[in-house]
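Note sheet for the following structure.
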2 protein chains.
Amino acid sequence: MIRRPTLAVVAEVAGVSLKTASRVLNREPNVAAATRERVLDAAASLGFRRNAVAADLARGGFSRLVGFITGDLANEFYSALASGIERELREHGLQLLTASSDEDPERESSLTGELLERRVGALIVTPAGADHSALRGEIAAGLTVVVVDRPAAGMDVDTVVIDNRGGTRAAVEHLLAHGHRRIAFVGDEPHLWTYQERSDEFLAAMRDAGVSDAERWVRSGAHSAAAARDLVVELLDARHGQARHGQARHGQARDGQAPEPPTAVLAANNRATVGTLQALRDAPGGDGVAVVGFDDFELADLLGITVVAYDAVEMGRRAAELAVARSADPDRPVELVVLPTRVVARGSGEREPR
Amino acid sequence: MIRRPTLAVVAEVAGVSLKTASRVLNREPNVAAATRERVLDAAASLGFRRNAVAADLARGGFSRLVGFITGDLANEFYSALASGIERELREHGLQLLTASSDEDPERESSLTGELLERRVGALIVTPAGADHSALRGEIAAGLTVVVVDRPAAGMDVDTVVIDNRGGTRAAVEHLLAHGHRRIAFVGDEPHLWTYQERSDEFLAAMRDAGVSDAERWVRSGAHSAAAARDLVVELLDARHGQARHGQARHGQARDGQAPEPPTAVLAANNRATVGTLQALRDAPGGDGVAVVGFDDFELADLLGITVVAYDAVEMGRRAAELAVARSADPDRPVELVVLPTRVVARGSGEREPR
DNA sequence: TTGTAGGCGTTATCAT
DNA sequence: ATGATAACGCCTACAA
């Protein structure tokens with residue numbers, strides 16, 4: 001195991017000083033063409049490879065690495081983000097360091113620590129917890145932080161999100177336009193920002209359409225497809241309808257009001273969509289119910305599922321872009337990027353109510 | 001933008017030498033308890049964070065980073081790999097640096113270079129090209145390389161693959177057991193190792209079952225769902241059958257033989273599966289055709305698709321494990337890990353031929 | 001255009 | 001148990 005040649009060796013072989021060799025290999029100006037040649041030849045013949053570790057240390061401050069802390073890399077949404085981030089970073093000569101928090105705030109903060117030890121120039125985060133005290137200190141100390149997907153409460157940092165409200169409203173209006181009034185909303189955990197945005201706007205849109213008691217059909221807890229499936233099965237069961245569900249906040253039956261099953265479902269995330277489809281397949285009274293899902297997914301096309309789609313790769317790219325911009329100019333105003341969504345009609349959302 | 005406190009500062013505040021502070025923070029033995037306390041206090045109060053860049057440089061040789069060069073991070077298979085890799089690396093205090101080659105050999109080699117500059121301790125690669133001359137030199141120089149998914153031709157390195165032949169044979173036998181004899185094989189690009197393994201074994205299994213002319217139903221080029229769809233539509237069109245397809249190597253019609261459409265399709269990768277399903281939905285004569293897909297996917301369950309499944313996250317984990325093991329002992333024998341596959345019956349593969 | 005000196009923040013060696 | 005001192009490989013001044 002021979003040691004790699006260093007810049008000093010290259011310089012010696014080329015018969016120049018270390019600094020001159022450095023200049024050549026960094027494409028700095030003010031080097032005679034002949035000298036450049038000699039250095040390049042020497043480097044090539046030695047198989048020289050600059051040591052980015054040493055370079056970063058010498059330069060001081062941050063390394064040319066950017067950290068990405070995600071909920072779970074195996075999740076297609078996060079990996080799409082990672083893909084967009086990596087692509088953009090490369091344009092700027094930066095490398096991506098990824099770490100999965102498993103949506104665990106504690107793990108998130110320990111990962112943050114590890115990445116900071118690596119002196120990442122920026123941290124791109126899909127915040128798991130609500131407490132970002134650790135990060136706040138770092139930001140004050142000059143760390144660039146960009147959050148994606150959900151804003152970080154109480155932290156004034158660059159943020160990239162999608163237009164959750166716009167997408168939700170478009171979905172609701174799409175269903176309303178096809179004649180639906182009894183529309184159910186099946187969402188993830190209520191504490192998630194995206195849940196709140198989407199459910200709030202769902203209710204607002206319904207209210208604007210003259211449906212004032214849409215709360216009856218709002219359900220949360222669809223963190224997995226299985227949970228979503230159960231929620232929808234229950235919704236479809238007209239005999240119990242809304243009253244049975246555990247979440248008193250939303251599910252209250254109004255006295256004397258006939259429980260009616262929804263004719264359409266707005267599934268507020270991709271797992272909810274899958275669960276909803278399972279429920280519609282399995283439960284009596286499931287067919288004919290319209291579905292619009294938030295988040296596009298690969299087979300939505302084949303399945304004919306109407307969705308609210310957006311570009312996750314672009315989201316990642318924009319986040320990386322913000323990270324780079326802020327690193328270059330720490331004083332620039334904080335930016336909030338809101339990416340558009342669009343309804344992609346594929347059949348499931350265009351069924352008329354029976 | 002204040003500079004971070006260094007170990008020297010911590011030592012000074014604690015009233016000890018730099019080396020002692022270092023010992024404490026690295027949990028080295030031979031430090032008096034009282035001294036340890038003082039150093040820990042100083043570090044905490046200063047908000048000290050070790051600089052991994054400097055540490056790696058001082059230690060010399062490799063950094064505590066591992067590189068992963070993948071075809072496309074946005075692809076769910078690769079991101080599953082990345083997830084498994086990252087999880088395993090973390091156990092060993094290593095961090096993951098990811099880079100996407102877009103399956104472009106040229107890009108793969110430039111990424112390799114960038115990662116090597118970062119002095120990664122190991123490189124985990126899903127090899128895109130056939131030429132790995134650059135890597136070979138590095139391996140000779142002591143770099144740990146592990147390849148995943150496909151072996152690297154002409155390089156004797158640790159490898160993790162799935163049992164492509166076993167999975168293929170199981171799928172074929174599954175279909176044979178349900179009465180199919182006219183089974184089509186729809187695969188990716190012929191130059192891919194996985195294609196070769198799967199198509200070879202397909203033919204062997206068919207031959208073993210007494211079907212000697214299964215080549216008639218072998219198709220390649222299903223790199224995208226759309227391409228796969230076209231291939232299957234053509235296969236189903238009994239009037240032209242196999243003769244029409246451009247790939248003379250496989251598709252030759254035998255003179256005087258009646259063209260018969262297949263009663264079952266073995267889709268050799270997940271995109272091929274999607275395309276096949278689209279074709280069966282759209283083309284006349286498509287329904288009733290049995291399908292088994294290689295690679296499991298999220299909605300296979302909902303769609304009732306029988307697949308050859310395996311654990312991609314585990315694949316990544318094993319690769320990382322090998323990388324760690326070899327870094328620790330460069331002289332250990334090269335290992336080839338073959339992960340098992342299993343047929344998951346969900347309906348589409350159990351249809352009897354009409 | 002080229003070179004010299006000093007330092008980046010650790011870890012390793014070898015004393016004490 | 002502790003500490004001085006020299007690497008590690010490069011870059012940034014600042015000369016020449």
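Lettering and numbering for the structure tokens are positional, with chains as A, B, ... in the shown order, residues counted from 1 in each chain, and ligands counted from 1 in the shown order.
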Close residues, range 3-10 of chain D itself excluded, 10 Å, only C-alpha atoms (C1' of nucleotides), min 5 positions apart in chain, as a ChimeraX atom specification: /A:6-8,18-19,22,50-59 /B:16-20,54-61 /C:8,10-16
Which of range 117-294 of chain A DSSP labels strand (DSSP E or B), written as number ranges by chain: A: 122-125, 144-148, 158-162, 183-186, 218-219, 264-267, 290-294
Dump of N, CA and C atoms for the selected residues, as a short mmCIF file (atom, residue, chain, number, x, y, z; two decimals), in the first residue's frame:
data_model
loop_
_atom_site.label_atom_id
_atom_site.label_comp_id
_atom_site.auth_asym_id
_atom_site.auth_seq_id
_atom_site.Cartn_x
_atom_site.Cartn_y
_atom_site.Cartn_z
N ALA A 122 -23.38 23.54 4.25
CA ALA A 122 -24.81 23.77 4.38
C ALA A 122 -25.48 22.47 4.78
N LEU A 123 -26.65 22.65 5.35
CA LEU A 123 -27.43 21.51 5.79
C LEU A 123 -28.82 21.67 5.19
N ILE A 124 -29.25 20.65 4.47
CA ILE A 124 -30.59 20.67 3.92
C ILE A 124 -31.38 19.65 4.72
N VAL A 125 -32.49 20.07 5.26
CA VAL A 125 -33.20 19.23 6.22
C VAL A 125 -34.70 19.14 5.93
N THR A 144 -25.30 27.52 7.03
CA THR A 144 -26.41 27.66 6.11
C THR A 144 -27.37 26.49 6.31
N VAL A 145 -28.63 26.80 6.53
CA VAL A 145 -29.62 25.74 6.68
C VAL A 145 -30.78 26.01 5.73
N VAL A 146 -31.20 25.00 5.04
CA VAL A 146 -32.36 25.12 4.17
C VAL A 146 -33.31 23.99 4.54
N VAL A 147 -34.57 24.29 4.72
CA VAL A 147 -35.51 23.23 5.01
C VAL A 147 -36.40 22.96 3.81
N VAL A 148 -36.78 21.71 3.66
CA VAL A 148 -37.56 21.30 2.50
C VAL A 148 -38.81 20.57 2.97
N ASP A 158 -34.19 29.70 4.86
CA ASP A 158 -34.69 29.45 3.51
C ASP A 158 -35.48 28.16 3.48
N THR A 159 -36.56 28.20 2.76
CA THR A 159 -37.50 27.08 2.79
C THR A 159 -38.05 26.77 1.40
N VAL A 160 -38.20 25.51 1.12
CA VAL A 160 -38.84 25.10 -0.14
C VAL A 160 -40.00 24.18 0.19
N VAL A 161 -41.16 24.59 -0.19
CA VAL A 161 -42.34 23.75 0.02
C VAL A 161 -43.17 23.74 -1.26
N ILE A 162 -44.16 22.89 -1.30
CA ILE A 162 -45.07 22.96 -2.43
C ILE A 162 -46.29 23.75 -2.01
N ILE A 183 -67.46 14.94 0.21
CA ILE A 183 -66.07 14.58 -0.08
C ILE A 183 -65.33 14.32 1.23
N ALA A 184 -64.67 13.18 1.31
CA ALA A 184 -63.91 12.88 2.52
C ALA A 184 -62.46 13.30 2.34
N PHE A 185 -61.83 13.62 3.46
CA PHE A 185 -60.42 13.99 3.46
C PHE A 185 -59.70 12.99 4.37
N VAL A 186 -58.73 12.28 3.82
CA VAL A 186 -58.00 11.29 4.62
C VAL A 186 -56.54 11.68 4.66
N VAL A 218 -63.65 14.43 7.61
CA VAL A 218 -62.19 14.58 7.74
C VAL A 218 -61.64 13.50 8.69
N ARG A 219 -60.65 12.80 8.22
CA ARG A 219 -60.02 11.77 9.04
C ARG A 219 -58.51 11.95 9.03
N ALA A 264 -66.81 10.79 -2.66
CA ALA A 264 -65.45 11.00 -3.17
C ALA A 264 -64.48 11.09 -2.01
N VAL A 265 -63.24 10.74 -2.28
CA VAL A 265 -62.20 10.81 -1.25
C VAL A 265 -61.01 11.61 -1.76
N LEU A 266 -60.57 12.54 -0.93
CA LEU A 266 -59.31 13.22 -1.22
C LEU A 266 -58.27 12.60 -0.28
N ALA A 267 -57.38 11.83 -0.84
CA ALA A 267 -56.35 11.18 -0.03
C ALA A 267 -55.16 12.12 0.03
N ALA A 290 -65.23 8.36 -6.12
CA ALA A 290 -64.15 9.06 -6.80
C ALA A 290 -62.97 9.25 -5.86
N VAL A 291 -61.79 9.28 -6.45
CA VAL A 291 -60.57 9.46 -5.64
C VAL A 291 -59.62 10.45 -6.31
N VAL A 292 -59.13 11.37 -5.50
CA VAL A 292 -58.00 12.19 -5.95
C VAL A 292 -56.93 12.03 -4.87
N GLY A 293 -55.71 11.75 -5.29
CA GLY A 293 -54.64 11.57 -4.33
C GLY A 293 -53.64 12.71 -4.37
N PHE A 294 -53.14 13.08 -3.21
CA PHE A 294 -52.07 14.06 -3.17
C PHE A 294 -50.77 13.27 -3.34
#
Please identify the helix (DSSP H, G or I) residues within range 248-315 of chain A (assignment by DSSP from backbone atoms) and present them as a ChimeraX atom specification. /A:248-251,270-282,300-303,312-315
Residues from last step as file, N, CA and C atoms, as a PDB file, in the first residue's frame:
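Contents of selection10.pdb, freshly written:
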ATOM      1  N   ALA A 248     -62.396  12.626  18.168  1.00  0.00           N
ATOM      2  CA  ALA A 248     -63.587  13.409  18.474  1.00  0.00           C
ATOM      3  C   ALA A 248     -63.560  14.760  17.779  1.00  0.00           C
ATOM      4  N   ARG A 249     -62.357  15.311  17.648  1.00  0.00           N
ATOM      5  CA  ARG A 249     -62.226  16.666  17.120  1.00  0.00           C
ATOM      6  C   ARG A 249     -62.935  16.801  15.773  1.00  0.00           C
ATOM      7  N   HIS A 250     -62.747  15.806  14.954  1.00  0.00           N
ATOM      8  CA  HIS A 250     -63.341  15.919  13.633  1.00  0.00           C
ATOM      9  C   HIS A 250     -64.606  15.095  13.474  1.00  0.00           C
ATOM     10  N   GLY A 251     -64.592  13.955  14.075  1.00  0.00           N
ATOM     11  CA  GLY A 251     -65.570  12.950  13.691  1.00  0.00           C
ATOM     12  C   GLY A 251     -66.953  13.072  14.331  1.00  0.00           C
ATOM     13  N   ASN A 270     -49.468   9.940  -0.450  1.00  0.00           N
ATOM     14  CA  ASN A 270     -49.458   8.744  -1.296  1.00  0.00           C
ATOM     15  C   ASN A 270     -49.822   7.453  -0.569  1.00  0.00           C
ATOM     16  N   ARG A 271     -49.456   7.366   0.702  1.00  0.00           N
ATOM     17  CA  ARG A 271     -49.855   6.161   1.416  1.00  0.00           C
ATOM     18  C   ARG A 271     -51.360   6.143   1.629  1.00  0.00           C
ATOM     19  N   ALA A 272     -51.905   7.316   1.899  1.00  0.00           N
ATOM     20  CA  ALA A 272     -53.351   7.408   2.076  1.00  0.00           C
ATOM     21  C   ALA A 272     -54.058   7.004   0.784  1.00  0.00           C
ATOM     22  N   THR A 273     -53.455   7.359  -0.326  1.00  0.00           N
ATOM     23  CA  THR A 273     -54.055   7.012  -1.605  1.00  0.00           C
ATOM     24  C   THR A 273     -54.099   5.494  -1.779  1.00  0.00           C
ATOM     25  N   VAL A 274     -52.982   4.870  -1.484  1.00  0.00           N
ATOM     26  CA  VAL A 274     -52.923   3.415  -1.619  1.00  0.00           C
ATOM     27  C   VAL A 274     -53.961   2.756  -0.714  1.00  0.00           C
ATOM     28  N   GLY A 275     -54.004   3.201   0.519  1.00  0.00           N
ATOM     29  CA  GLY A 275     -54.964   2.622   1.453  1.00  0.00           C
ATOM     30  C   GLY A 275     -56.393   2.849   1.004  1.00  0.00           C
ATOM     31  N   THR A 276     -56.637   4.024   0.486  1.00  0.00           N
ATOM     32  CA  THR A 276     -57.981   4.340   0.011  1.00  0.00           C
ATOM     33  C   THR A 276     -58.378   3.394  -1.120  1.00  0.00           C
ATOM     34  N   LEU A 277     -57.446   3.185  -2.013  1.00  0.00           N
ATOM     35  CA  LEU A 277     -57.750   2.288  -3.125  1.00  0.00           C
ATOM     36  C   LEU A 277     -58.028   0.876  -2.642  1.00  0.00           C
ATOM     37  N   GLN A 278     -57.264   0.447  -1.650  1.00  0.00           N
ATOM     38  CA  GLN A 278     -57.504  -0.887  -1.094  1.00  0.00           C
ATOM     39  C   GLN A 278     -58.906  -0.960  -0.491  1.00  0.00           C
ATOM     40  N   ALA A 279     -59.262   0.086   0.220  1.00  0.00           N
ATOM     41  CA  ALA A 279     -60.576   0.110   0.864  1.00  0.00           C
ATOM     42  C   ALA A 279     -61.695   0.090  -0.176  1.00  0.00           C
ATOM     43  N   LEU A 280     -61.518   0.866  -1.205  1.00  0.00           N
ATOM     44  CA  LEU A 280     -62.563   0.927  -2.228  1.00  0.00           C
ATOM     45  C   LEU A 280     -62.708  -0.417  -2.940  1.00  0.00           C
ATOM     46  N   ARG A 281     -61.609  -1.115  -3.058  1.00  0.00           N
ATOM     47  CA  ARG A 281     -61.660  -2.418  -3.699  1.00  0.00           C
ATOM     48  C   ARG A 281     -62.370  -3.427  -2.797  1.00  0.00           C
ATOM     49  N   ASP A 282     -62.051  -3.346  -1.500  1.00  0.00           N
ATOM     50  CA  ASP A 282     -62.538  -4.362  -0.576  1.00  0.00           C
ATOM     51  C   ASP A 282     -63.914  -4.103   0.024  1.00  0.00           C
ATOM     52  N   ALA A 300     -49.694   5.438 -10.819  1.00  0.00           N
ATOM     53  CA  ALA A 300     -50.967   6.141 -10.819  1.00  0.00           C
ATOM     54  C   ALA A 300     -51.546   6.138 -12.224  1.00  0.00           C
ATOM     55  N   ASP A 301     -50.664   6.242 -13.163  1.00  0.00           N
ATOM     56  CA  ASP A 301     -51.068   6.251 -14.559  1.00  0.00           C
ATOM     57  C   ASP A 301     -51.773   4.943 -14.913  1.00  0.00           C
ATOM     58  N   LEU A 302     -51.105   3.858 -14.617  1.00  0.00           N
ATOM     59  CA  LEU A 302     -51.669   2.549 -14.934  1.00  0.00           C
ATOM     60  C   LEU A 302     -52.988   2.316 -14.204  1.00  0.00           C
ATOM     61  N   LEU A 303     -53.038   2.789 -12.985  1.00  0.00           N
ATOM     62  CA  LEU A 303     -54.235   2.576 -12.183  1.00  0.00           C
ATOM     63  C   LEU A 303     -55.342   3.572 -12.500  1.00  0.00           C
ATOM     64  N   ALA A 312     -40.809  16.623  -7.235  1.00  0.00           N
ATOM     65  CA  ALA A 312     -39.974  16.489  -6.037  1.00  0.00           C
ATOM     66  C   ALA A 312     -38.493  16.683  -6.357  1.00  0.00           C
ATOM     67  N   VAL A 313     -38.082  16.241  -7.525  1.00  0.00           N
ATOM     68  CA  VAL A 313     -36.686  16.425  -7.899  1.00  0.00           C
ATOM     69  C   VAL A 313     -36.367  17.924  -7.981  1.00  0.00           C
ATOM     70  N   GLU A 314     -37.291  18.651  -8.581  1.00  0.00           N
ATOM     71  CA  GLU A 314     -37.109  20.100  -8.684  1.00  0.00           C
ATOM     72  C   GLU A 314     -37.065  20.735  -7.295  1.00  0.00           C
ATOM     73  N   MET A 315     -37.855  20.217  -6.409  1.00  0.00           N
ATOM     74  CA  MET A 315     -37.849  20.709  -5.032  1.00  0.00           C
ATOM     75  C   MET A 315     -36.456  20.605  -4.440  1.00  0.00           C
TER      76      MET A 315
END
Set the distance at 8 Å and use only C-alpha atoms (C1' of nucleotides): which residues neighbour DT1 in chain C once local chain neighbours fewer than 4 positions away are removed? I'd like the list as a PyMOL selection string. chain A and resi 30-32
Give me the residues near DA16 in chain D as a tab-separated table (two decimals) with N, CA and C atoms (P, O5', C5', C4', C3', O3' and C1' of nucleotides), in the first residue's frame, where near means some atom within 10 Å (using only C-alpha atoms (C1' of nucleotides)) and where sequence neighbours in that chain fewer than 2 positions away do not count.
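Once written, out28.tsv looks like this:
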chain	number	residue	atom	x	y	z
C	2	DT	P	6.00	30.44	-14.53
C	2	DT	O5'	6.48	30.65	-13.04
C	2	DT	C5'	7.87	30.79	-12.77
C	2	DT	C4'	8.09	31.14	-11.32
C	2	DT	C3'	7.83	30.01	-10.32
C	2	DT	O3'	9.10	29.47	-9.96
C	2	DT	C1'	7.21	32.17	-9.50
C	3	DG	P	9.21	28.23	-9.00
C	3	DG	O5'	9.37	28.94	-7.57
C	3	DG	C5'	10.39	29.90	-7.41
C	3	DG	C4'	10.28	30.53	-6.03
C	3	DG	C3'	10.20	29.52	-4.88
C	3	DG	O3'	11.16	29.87	-3.90
C	3	DG	C1'	8.50	31.13	-4.69
C	4	DT	P	11.57	28.83	-2.76
C	4	DT	O5'	11.15	29.64	-1.46
C	4	DT	C5'	11.48	31.03	-1.33
C	4	DT	C4'	10.86	31.57	-0.05
C	4	DT	C3'	10.85	30.58	1.11
C	4	DT	O3'	11.28	31.25	2.29
C	4	DT	C1'	8.65	31.34	0.71
D	14	DC	P	-1.29	40.09	3.27
D	14	DC	O5'	0.22	39.89	2.81
D	14	DC	C5'	1.10	39.19	3.69
D	14	DC	C4'	2.40	38.89	2.96
D	14	DC	C3'	2.97	40.09	2.19
D	14	DC	O3'	4.31	40.26	2.60
D	14	DC	C1'	3.01	38.15	0.86
Distance-based interface of chain B with chain A, 6 Å, counting only C-alpha atoms, as an mmCIF file with all heavy atoms, in the first residue's frame:
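part18.cif, freshly written:
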data_model
loop_
_atom_site.group_PDB
_atom_site.id
_atom_site.type_symbol
_atom_site.label_atom_id
_atom_site.label_comp_id
_atom_site.auth_asym_id
_atom_site.auth_seq_id
_atom_site.Cartn_x
_atom_site.Cartn_y
_atom_site.Cartn_z
ATOM 1 N N MET B 1 -19.576 36.159 12.073
ATOM 2 C CA MET B 1 -19.228 34.749 11.856
ATOM 3 C C MET B 1 -17.986 34.399 12.668
ATOM 4 O O MET B 1 -16.859 34.505 12.190
ATOM 5 C CB MET B 1 -18.960 34.508 10.369
ATOM 6 C CG MET B 1 -18.797 33.054 10.070
ATOM 7 S SD MET B 1 -19.955 32.486 8.852
ATOM 8 C CE MET B 1 -18.933 32.479 7.383
ATOM 9 N N ARG B 50 -15.586 18.636 17.383
ATOM 10 C CA ARG B 50 -14.353 18.224 16.716
ATOM 11 C C ARG B 50 -14.467 18.442 15.222
ATOM 12 O O ARG B 50 -15.543 18.406 14.639
ATOM 13 C CB ARG B 50 -14.044 16.772 17.026
ATOM 14 C CG ARG B 50 -15.033 15.826 16.386
ATOM 15 C CD ARG B 50 -14.500 14.698 15.573
ATOM 16 N NE ARG B 50 -13.322 14.028 16.060
ATOM 17 C CZ ARG B 50 -13.352 13.119 16.998
ATOM 18 N NH1 ARG B 50 -14.482 12.866 17.653
ATOM 19 N NH2 ARG B 50 -12.260 12.481 17.299
ATOM 20 N N ASN B 51 -13.328 18.675 14.621
ATOM 21 C CA ASN B 51 -13.296 18.897 13.191
ATOM 22 C C ASN B 51 -12.863 17.598 12.505
ATOM 23 O O ASN B 51 -11.701 17.230 12.509
ATOM 24 C CB ASN B 51 -12.304 20.020 12.881
ATOM 25 C CG ASN B 51 -12.286 20.361 11.409
ATOM 26 O OD1 ASN B 51 -12.518 19.517 10.562
ATOM 27 N ND2 ASN B 51 -12.002 21.605 11.112
ATOM 28 N N ALA B 52 -13.841 16.914 11.909
ATOM 29 C CA ALA B 52 -13.562 15.622 11.294
ATOM 30 C C ALA B 52 -12.637 15.767 10.091
ATOM 31 O O ALA B 52 -11.905 14.833 9.745
ATOM 32 C CB ALA B 52 -14.867 14.948 10.862
ATOM 33 N N VAL B 53 -12.665 16.914 9.459
ATOM 34 C CA VAL B 53 -11.786 17.134 8.308
ATOM 35 C C VAL B 53 -10.334 17.107 8.775
ATOM 36 O O VAL B 53 -9.495 16.391 8.218
ATOM 37 C CB VAL B 53 -12.099 18.491 7.634
ATOM 38 C CG1 VAL B 53 -11.127 18.748 6.492
ATOM 39 C CG2 VAL B 53 -13.533 18.501 7.129
ATOM 40 N N LEU B 73 -30.221 8.058 -8.245
ATOM 41 C CA LEU B 73 -30.756 8.048 -6.877
ATOM 42 C C LEU B 73 -32.275 8.087 -6.843
ATOM 43 O O LEU B 73 -32.890 7.622 -5.890
ATOM 44 C CB LEU B 73 -30.230 9.261 -6.108
ATOM 45 C CG LEU B 73 -29.301 8.996 -4.936
ATOM 46 C CD1 LEU B 73 -29.229 10.230 -4.065
ATOM 47 C CD2 LEU B 73 -29.754 7.795 -4.119
ATOM 48 N N ALA B 74 -32.875 8.642 -7.879
ATOM 49 C CA ALA B 74 -34.327 8.784 -7.861
ATOM 50 C C ALA B 74 -35.030 7.450 -8.132
ATOM 51 O O ALA B 74 -36.221 7.313 -7.898
ATOM 52 C CB ALA B 74 -34.771 9.834 -8.878
ATOM 53 N N SER B 79 -32.249 3.817 -4.388
ATOM 54 C CA SER B 79 -32.381 4.516 -3.115
ATOM 55 C C SER B 79 -32.568 3.518 -1.972
ATOM 56 O O SER B 79 -32.151 3.776 -0.846
ATOM 57 C CB SER B 79 -33.517 5.544 -3.167
ATOM 58 O OG SER B 79 -34.742 4.911 -3.401
ATOM 59 N N ALA B 80 -33.144 2.377 -2.288
ATOM 60 C CA ALA B 80 -33.227 1.328 -1.261
ATOM 61 C C ALA B 80 -31.818 0.863 -0.912
ATOM 62 O O ALA B 80 -31.474 0.670 0.261
ATOM 63 C CB ALA B 80 -34.079 0.169 -1.766
ATOM 64 N N SER B 83 -30.159 3.439 1.206
ATOM 65 C CA SER B 83 -30.683 3.408 2.557
ATOM 66 C C SER B 83 -30.017 2.311 3.385
ATOM 67 O O SER B 83 -29.598 2.534 4.529
ATOM 68 C CB SER B 83 -32.193 3.194 2.476
ATOM 69 O OG SER B 83 -32.714 2.885 3.728
ATOM 70 N N LEU B 96 -21.860 8.533 4.490
ATOM 71 C CA LEU B 96 -22.099 8.165 3.094
ATOM 72 C C LEU B 96 -22.134 9.365 2.153
ATOM 73 O O LEU B 96 -22.859 10.330 2.367
ATOM 74 C CB LEU B 96 -23.432 7.418 2.985
ATOM 75 C CG LEU B 96 -23.857 7.029 1.574
ATOM 76 C CD1 LEU B 96 -22.862 6.061 0.965
ATOM 77 C CD2 LEU B 96 -25.246 6.438 1.585
ATOM 78 N N LEU B 97 -21.349 9.244 1.113
ATOM 79 C CA LEU B 97 -21.270 10.272 0.083
ATOM 80 C C LEU B 97 -21.883 9.676 -1.172
ATOM 81 O O LEU B 97 -21.369 8.685 -1.684
ATOM 82 C CB LEU B 97 -19.796 10.576 -0.133
ATOM 83 C CG LEU B 97 -19.246 11.948 -0.424
ATOM 84 C CD1 LEU B 97 -19.953 13.021 0.366
ATOM 85 C CD2 LEU B 97 -17.765 11.944 -0.073
ATOM 86 N N GLU B 117 -10.759 11.965 -4.492
ATOM 87 C CA GLU B 117 -10.133 13.170 -3.955
ATOM 88 C C GLU B 117 -10.567 13.383 -2.508
ATOM 89 O O GLU B 117 -9.845 13.962 -1.707
ATOM 90 C CB GLU B 117 -10.522 14.391 -4.794
ATOM 91 C CG GLU B 117 -9.941 14.337 -6.190
ATOM 92 C CD GLU B 117 -10.127 15.626 -6.960
ATOM 93 O OE1 GLU B 117 -10.822 16.526 -6.451
ATOM 94 O OE2 GLU B 117 -9.580 15.714 -8.071
ATOM 95 N N ARG B 118 -11.739 12.941 -2.228
ATOM 96 C CA ARG B 118 -12.263 13.071 -0.869
ATOM 97 C C ARG B 118 -11.658 11.985 0.021
ATOM 98 O O ARG B 118 -11.952 11.884 1.182
ATOM 99 C CB ARG B 118 -13.784 12.934 -0.964
ATOM 100 C CG ARG B 118 -14.659 13.487 0.107
ATOM 101 C CD ARG B 118 -14.363 14.846 0.624
ATOM 102 N NE ARG B 118 -14.780 15.934 -0.214
ATOM 103 C CZ ARG B 118 -14.548 17.207 0.100
ATOM 104 N NH1 ARG B 118 -13.937 17.535 1.219
ATOM 105 N NH2 ARG B 118 -14.901 18.156 -0.709
ATOM 106 N N ALA B 141 -3.838 0.168 -5.452
ATOM 107 C CA ALA B 141 -3.256 1.126 -4.521
ATOM 108 C C ALA B 141 -3.916 1.065 -3.144
ATOM 109 O O ALA B 141 -3.623 1.883 -2.280
ATOM 110 C CB ALA B 141 -3.360 2.532 -5.094
ATOM 111 N N GLY B 142 -4.820 0.114 -2.976
ATOM 112 C CA GLY B 142 -5.359 -0.075 -1.642
ATOM 113 C C GLY B 142 -6.795 0.375 -1.427
ATOM 114 O O GLY B 142 -7.324 0.268 -0.323
#
